[in-house]
Structure formats: C-alpha cells, structure tokens
>>> print(open('model.pdb').read())   # PDB, C-alpha atoms
ATOM      1  CA  MET D  21      25.669  16.428  13.767
ATOM      2  CA  PRO D  22      24.867  13.362  15.860
ATOM      3  CA  PRO D  23      27.146  10.378  15.236
ATOM      4  CA  ILE D  24      26.172   7.770  12.668
ATOM      5  CA  THR D  25      25.483   4.246  13.941
ATOM      6  CA  LEU D  26      27.405   1.242  12.680
ATOM      7  CA  ALA D  27      26.628  -2.392  13.444
ATOM      8  CA  ASP D  28      29.631  -4.607  14.075
ATOM      9  CA  ILE D  29      28.550  -8.006  12.789
ATOM     10  CA  LYS D  30      31.330 -10.556  13.170
ATOM     11  CA  GLY D  31      33.994  -7.893  12.660
ATOM     12  CA  LYS D  32      32.383  -6.213   9.631
ATOM     13  CA  LEU D  33      30.848  -2.747   9.932
ATOM     14  CA  TYR D  34      27.438  -1.896   8.456
ATOM     15  CA  LEU D  35      25.752   1.510   8.444
ATOM     16  CA  ILE D  36      22.378   1.180  10.180
ATOM     17  CA  ASP D  37      21.537   4.804  10.974
ATOM     18  CA  GLY D  38      22.792   8.084   9.553
ATOM     19  CA  GLY D  39      22.840   7.578   5.796
ATOM     20  CA  HIS D  40      21.589  11.108   5.112
ATOM     21  CA  ARG D  41      24.122  12.547   7.559
ATOM     22  CA  CYS D  42      26.906  10.670   5.740
ATOM     23  CA  GLU D  43      25.753  12.069   2.410
ATOM     24  CA  ALA D  44      25.642  15.608   3.827
ATOM     25  CA  GLN D  45      29.080  15.298   5.398
ATOM     26  CA  ILE D  46      30.563  13.951   2.174
ATOM     27  CA  GLU D  47      29.063  16.897   0.260
ATOM     28  CA  LEU D  48      30.722  19.190   2.816
ATOM     29  CA  GLY D  49      34.055  17.521   2.082
ATOM     30  CA  TRP D  50      34.393  15.654   5.381
ATOM     31  CA  SER D  51      36.511  12.515   5.297
ATOM     32  CA  HIS D  52      36.005  11.408   8.929
ATOM     33  CA  PHE D  53      32.754  10.826  10.782
ATOM     34  CA  ASP D  54      31.784  10.464  14.417
ATOM     35  CA  ALA D  55      30.266   7.012  14.800
ATOM     36  CA  THR D  56      28.790   4.783  17.437
ATOM     37  CA  ILE D  57      29.797   1.165  16.814
ATOM     38  CA  MET D  58      27.559  -1.468  18.352
ATOM     39  CA  PRO D  59      28.265  -5.207  18.256
ATOM     40  CA  MET D  60      25.079  -7.057  17.272
ATOM     41  CA  GLY D  61      23.692  -9.919  15.240
ATOM     42  CA  LYS D  62      22.306  -9.663  11.726
ATOM     43  CA  SER D  63      18.630  -9.709  12.794
ATOM     44  CA  GLU D  64      19.108  -6.964  15.359
ATOM     45  CA  ALA D  65      20.974  -4.844  12.792
ATOM     46  CA  GLN D  66      18.230  -5.351  10.199
ATOM     47  CA  TRP D  67      15.582  -4.185  12.643
ATOM     48  CA  LYS D  68      17.613  -1.200  13.895
ATOM     49  CA  ALA D  69      18.193  -0.078  10.303
ATOM     50  CA  ALA D  70      14.537  -0.515   9.343
ATOM     51  CA  SER D  71      13.271   1.230  12.470
ATOM     52  CA  ALA D  72      15.627   4.235  12.371
ATOM     53  CA  ASN D  73      13.146   6.400  10.455
ATOM     54  CA  LEU D  74      10.257   5.376  12.685
ATOM     55  CA  THR D  75      11.664   7.589  15.435
ATOM     56  CA  HIS D  76      13.381  10.359  13.458
ATOM     57  CA  GLY D  77      14.236  11.551   9.999
ATOM     58  CA  GLU D  78      11.991  11.447   6.966
ATOM     59  CA  SER D  79       8.740   9.557   7.338
ATOM     60  CA  TYR D  80       8.385   6.280   5.541
ATOM     61  CA  LYS D  81       6.025   6.060   2.599
ATOM     62  CA  LYS D  82       3.291   3.437   3.033
ATOM     63  CA  SER D  83       5.169   0.875   0.895
ATOM     64  CA  GLU D  84       8.377   1.492   2.885
ATOM     65  CA  ARG D  85       6.506   1.139   6.185
ATOM     66  CA  ARG D  86       5.188  -2.215   5.002
ATOM     67  CA  LYS D  87       8.704  -3.391   4.112
ATOM     68  CA  ALA D  88       9.920  -2.211   7.533
ATOM     69  CA  PHE D  89       7.018  -4.075   9.150
ATOM     70  CA  ASN D  90       8.070  -7.267   7.342
ATOM     71  CA  VAL D  91      11.543  -6.814   8.857
ATOM     72  CA  PHE D  92       9.791  -6.256  12.217
ATOM     73  CA  ILE D  93       8.143  -9.689  11.834
ATOM     74  CA  SER D  94      11.137 -11.527  10.334
ATOM     75  CA  THR D  95      13.396 -10.327  13.162
ATOM     76  CA  LYS D  96      10.774 -11.397  15.725
ATOM     77  CA  GLN D  97      10.157  -7.933  17.136
ATOM     78  CA  ASN D  98       6.513  -9.023  17.443
ATOM     79  CA  LYS D  99       7.271 -10.943  20.612
ATOM     80  CA  ALA D 100       6.334  -9.388  23.923
ATOM     81  CA  ALA D 101       8.159  -9.913  27.215
ATOM     82  CA  GLY D 102       8.428 -13.596  27.980
ATOM     83  CA  GLY D 103       8.417 -14.541  24.294
ATOM     84  CA  LYS D 104       4.652 -14.295  23.770
ATOM     85  CA  LEU D 105       3.279 -13.049  20.470
ATOM     86  CA  MET D 106       1.965  -9.508  20.482
ATOM     87  CA  SER D 107      -1.595  -8.692  19.512
ATOM     88  CA  TYR D 108      -2.208  -6.512  16.463
ATOM     89  CA  ARG D 109      -2.679  -3.497  18.767
ATOM     90  CA  GLU D 110       0.572  -4.223  20.621
ATOM     91  CA  MET D 111       2.421  -4.572  17.309
ATOM     92  CA  ALA D 112       1.022  -1.223  16.131
ATOM     93  CA  VAL D 113       2.272   0.461  19.309
ATOM     94  CA  ALA D 114       5.683  -1.268  19.134
ATOM     95  CA  PHE D 115       5.938  -0.254  15.476
ATOM     96  CA  GLY D 116       5.454   3.396  16.380
ATOM     97  CA  GLY D 117       1.668   3.786  16.181
ATOM     98  CA  ASP D 118       1.521   4.242  12.432
ATOM     99  CA  PRO D 119      -0.159   2.374  10.829
ATOM    100  CA  SER D 120      -3.149   1.350  12.910
ATOM    101  CA  HIS D 121      -3.727  -2.121  14.327
ATOM    102  CA  VAL D 122      -6.272  -2.721  11.540
ATOM    103  CA  THR D 123      -3.626  -2.107   8.866
ATOM    104  CA  ILE D 124      -1.159  -4.270  10.821
ATOM    105  CA  ARG D 125      -3.759  -7.083  10.811
ATOM    106  CA  ASN D 126      -4.250  -6.688   7.049
ATOM    107  CA  TRP D 127      -0.489  -6.793   6.425
ATOM    108  CA  VAL D 128      -0.097  -9.895   8.587
ATOM    109  CA  LYS D 129      -3.017 -11.518   6.739
ATOM    110  CA  ALA D 130      -1.502 -10.700   3.320
ATOM    111  CA  ASP D 131       2.188 -11.313   3.999
ATOM    112  CA  HIS D 132       2.378 -13.760   6.915
ATOM    113  CA  GLN D 133      -0.528 -16.184   6.533
ATOM    114  CA  LEU D 134       0.710 -18.763   9.048
ATOM    115  CA  LEU D 135       1.177 -16.110  11.711
ATOM    116  CA  PHE D 136      -2.226 -14.636  10.830
ATOM    117  CA  LYS D 137      -3.964 -18.013  11.200
ATOM    118  CA  ALA D 138      -2.291 -18.575  14.551
ATOM    119  CA  LEU D 139      -3.210 -15.122  15.848
ATOM    120  CA  GLU D 140      -6.807 -15.454  14.659
ATOM    121  CA  LYS D 141      -7.155 -18.966  16.070
ATOM    122  CA  HIS D 142      -5.744 -18.031  19.451
ATOM    123  CA  LYS D 143      -7.166 -14.546  19.980
ATOM    124  CA  GLY D 144      -7.171 -13.787  23.682
ATOM    125  CA  ASP D 145      -4.894 -16.699  24.628
ATOM    126  CA  PRO D 146      -1.867 -14.933  26.142
ATOM    127  CA  SER D 147       0.103 -18.162  26.568
ATOM    128  CA  PHE D 148       0.118 -19.128  22.896
ATOM    129  CA  ASP D 149       3.296 -18.621  20.892
ATOM    130  CA  VAL D 150       3.126 -19.997  17.360
ATOM    131  CA  LEU D 151       6.857 -19.555  16.806
ATOM    132  CA  ASP D 152       7.728 -21.731  19.799
ATOM    133  CA  THR D 153       5.486 -24.676  18.888
ATOM    134  CA  LYS D 154       6.465 -27.591  16.712
ATOM    135  CA  SER D 155       3.509 -26.862  14.449
ATOM    136  CA  GLY D 156       4.450 -23.186  14.069
ATOM    137  CA  PRO D 157       6.095 -21.788  10.942
ATOM    138  CA  THR D 158       9.796 -22.344  10.413
ATOM    139  CA  GLU D 159      12.079 -19.612   9.097
ATOM    140  CA  GLU D 160      11.924 -21.283   5.694
ATOM    141  CA  GLN D 161       8.107 -21.320   5.777
ATOM    142  CA  LEU D 162       8.082 -17.621   6.629
ATOM    143  CA  LEU D 163      10.476 -16.929   3.736
ATOM    144  CA  MET D 164       8.332 -18.989   1.353
ATOM    145  CA  GLU D 165       5.259 -17.067   2.524
ATOM    146  CA  ARG D 166       6.983 -13.761   1.800
ATOM    147  CA  LEU D 167       8.245 -14.966  -1.593
ATOM    148  CA  HIS D 168       4.746 -16.097  -2.501
ATOM    149  CA  SER D 169       3.391 -12.669  -1.604
ATOM    150  CA  LEU D 170       6.064 -10.954  -3.717
ATOM    151  CA  LEU D 171       5.374 -13.234  -6.681
ATOM    152  CA  VAL D 172       1.661 -12.454  -6.459
ATOM    153  CA  ASP D 173       2.603  -8.750  -6.670
ATOM    154  CA  VAL D 174       4.943  -9.393  -9.625
ATOM    155  CA  VAL D 175       2.257 -11.293 -11.534
ATOM    156  CA  ALA D 176      -0.290  -8.543 -10.846
ATOM    157  CA  LEU D 177       2.145  -5.854 -12.008
ATOM    158  CA  SER D 178       3.056  -7.813 -15.124
ATOM    159  CA  LYS D 179      -0.563  -7.642 -16.308
ATOM    160  CA  GLY D 180       0.092  -3.986 -17.160
ATOM    161  CA  ILE D 181       2.929  -4.876 -19.558
ATOM    162  CA  GLU D 182       1.234  -5.128 -22.943
ATOM    163  CA  SER D 183       3.783  -4.070 -25.580
ATOM    164  CA  THR D 184       5.778  -6.726 -27.417
ATOM    165  CA  ALA D 185       9.043  -5.170 -26.253
ATOM    166  CA  GLY D 186       7.819  -5.024 -22.667
ATOM    167  CA  ARG D 187       6.660  -8.669 -22.716
ATOM    168  CA  THR D 188      10.021  -9.701 -24.257
ATOM    169  CA  SER D 189      11.859  -7.812 -21.524
ATOM    170  CA  LEU D 190       9.648  -9.358 -18.840
ATOM    171  CA  ASN D 191      10.271 -12.837 -20.246
ATOM    172  CA  TYR D 192      14.036 -12.211 -20.208
ATOM    173  CA  MET D 193      13.959 -10.940 -16.593
ATOM    174  CA  THR D 194      11.895 -13.892 -15.340
ATOM    175  CA  THR D 195      14.198 -16.355 -17.125
ATOM    176  CA  LYS D 196      17.252 -14.730 -15.494
ATOM    177  CA  ALA D 197      15.543 -14.743 -12.087
ATOM    178  CA  TYR D 198      14.662 -18.446 -12.495
ATOM    179  CA  GLU D 199      18.271 -19.251 -13.459
ATOM    180  CA  ALA D 200      19.557 -17.356 -10.401
ATOM    181  CA  ILE D 201      17.228 -19.357  -8.138
ATOM    182  CA  ILE D 202      18.025 -22.786  -9.621
ATOM    183  CA  HIS D 203      21.773 -22.221 -10.033
ATOM    184  CA  PRO D 204      22.892 -20.098  -7.058
ATOM    185  CA  LYS D 205      24.285 -16.984  -8.655
ATOM    186  CA  ALA D 206      23.571 -13.288  -8.599
ATOM    187  CA  TYR D 207      20.479 -11.985 -10.333
ATOM    188  CA  VAL D 208      21.613  -9.166 -12.584
ATOM    189  CA  THR D 209      18.890  -6.792 -13.645
ATOM    190  CA  THR D 210      18.794  -5.528 -17.179
ATOM    191  CA  PRO D 211      17.536  -2.278 -18.612
ATOM    192  CA  VAL D 212      13.937  -2.253 -19.783
ATOM    193  CA  VAL D 213      13.643  -2.792 -23.530
ATOM    194  CA  THR D 214      11.564  -0.211 -25.370
ATOM    195  CA  GLU D 215       9.929  -0.302 -28.795
ATOM    196  CA  SER D 216      12.722   1.918 -30.155
ATOM    197  CA  ASP D 217      15.290  -0.760 -29.283
ATOM    198  CA  PHE D 218      13.921  -3.046 -31.992
TER     199      PHE D 218
END
>>> encode(input="model.pdb", output="structure tokens")
Amino acid sequence: MPPITLADIKGKLYLIDGGHRCEAQIELGWSHFDATIMPMGKSEAQWKAASANLTHGESYKKSERRKAFNVFISTKQNKAAGGKLMSYREMAVAFGGDPSHVTIRNWVKADHQLLFKALEKHKGDPSFDVLDTKSGPTEEQLLMERLHSLLVDVVALSKGIESTAGRTSLNYMTTKAYEAIIHPKAYVTTPVVTESDF
C-alpha cells in the first residue's frame, strides 16, 4: 500500500491522506504504517486533506465537494500565479473539473457573497485582487459569511421539525449552541428526543 500522509504542524502530526488505508491496515492487524511526513501550515494541511479525494479514492458526494470547495476558498487556493483571483472557469479546473464553472459560480454566490460581488464587479480585470485590497473581505468577514450561510441552512432544515419532541430537542440544541458561542466552551451534541422519550 502507498504510504499515508501526515502533516507536521508545529510538531504535531495530523493525518491528511490515507484514512481508508489506515483502517484497512488496522483490520489486518498492522501496528506500524509507512508514512510521508510533511511540515506545513494549518491552511495547507486543510486543503491537502480536503483535496485528497479529488485526485484518487472514493468520489466526493455533491455536499462533500461543496465543503471541500469552501476549504479551497478559505485556504486561498483560488489565487492564480502572482496572487490574482481565479475566474470561475479557472477555479473549476483547479478544483479538478467537477463541478462545472457554473456550479462554482453558484457556490461562490451562495457561500462567499463578498468574493462573488468582487468577481462579478471586476469580470475581465486580471489585475484585481479583492483579498489584497483594503476594501476586500477580512478573514472574519469570510467566516461570518460562511456562518450566515450555515444558519440559513439550519433554519430551512428546522422547518421540517414539527413534532413537539422534535421542537423541544431543537430548542435545547440551539440554546446549547448559543451558550457555546457566548461563553467559549465546547458544543456538546445531544441525542435527538423522540415522542417515546416523553
């Protein structure tokens, strides 16, 4: 089997490629693994882990591809040589050709509104780089954009929860999530409450 890939981030090792191989080797009773250890930063490791299945292994489902694309954007893989922003077509090619540039545009529009506005405003201007301008989005703005998008999804999904037990469970989860945001602590998920629990 090819070696697994580990990222060395400030002296700590993280598995970024080879999870299925590890599982298979453990099932075979192996206790040692061949590994390639590469020193890198957190962003580079996030992208390498997200992109591993783009080139080999099991194909991503559409929802997984979208999550990987968001890592692609957050780790600034959408910058061409010289630091310029890629077009939607260039991003589609850099992302492995699947999905199409039209889907990439739709994802950017839905999940990265500031980047979308900049790309739409400056179509055809190869010198423009929204992330290098003072008026461009900060990391915090990009995170807030992503959180907003996730909350929109959560609210939409919650519309399907109609039972009393389900609404009670949803209320409990949102309260715990709010507490974890306001008072920095871990958000601990709880099992879903069913009608039979009452």
>>> closest_atom_pairs(input="model.pdb", of="stretch 64-138 of chain D", to="stretch 170-173 of chain D", cutoff="12 Å", atoms="only C-alpha atoms", output="JSON lines")
{"residue": "D:Lys87", "atom": "CA", "partner": "D:Leu170", "partner_atom": "CA", "distance": 11.2}
{"residue": "D:Asn90", "atom": "CA", "partner": "D:Leu170", "partner_atom": "CA", "distance": 11.8}
{"residue": "D:Ala130", "atom": "CA", "partner": "D:Leu170", "partner_atom": "CA", "distance": 10.3}
{"residue": "D:Asp131", "atom": "CA", "partner": "D:Leu170", "partner_atom": "CA", "distance": 8.6}
{"residue": "D:His132", "atom": "CA", "partner": "D:Leu170", "partner_atom": "CA", "distance": 11.6}
>>> closest_residue(input="model.pdb", among="D:Ala70, D:Ala27, D:Met21, D:Ile124", to="D:Phe53", atoms="only C-alpha atoms")
D:Met21
>>> atom_distance(input="model.pdb", atom1="atom CA of D:Thr56", atom2="atom CA of D:Glu43")
17.0 Å
>>> closest_residue(input="model.pdb", among="D:Ile29, D:Leu139, D:Ile24, D:Ala112", to="D:Ala65", atoms="only C-alpha atoms")
D:Ile29
>>> closest_residue(input="model.pdb", among="D:Ala100, D:Met111, D:Val91, D:Met58", to="D:Arg125", atoms="all atoms listed in the file")
D:Met111
>>> closest_residue(input="model.pdb", among="D:His40, D:Asp28, D:Arg85, D:Leu48", to="D:Met60", atoms="all atoms listed in the file")
D:Asp28
>>> resolve_selection(input="model.pdb", expression="the PyMOL selection byres ((chain D and resi 66) around 12)", output="NGL selection string")
:D and (26-27 or 29 or 34-37 or 60-65 or 67-72 or 87-97)
>>> atom_distance(input="model.pdb", atom1="atom CA of D:Asn126", atom2="atom CA of D:Glu159")
20.9 Å
>>> atom_distance(input="model.pdb", atom1="atom CA of D:Leu190", atom2="atom CA of D:Arg86")
25.3 Å
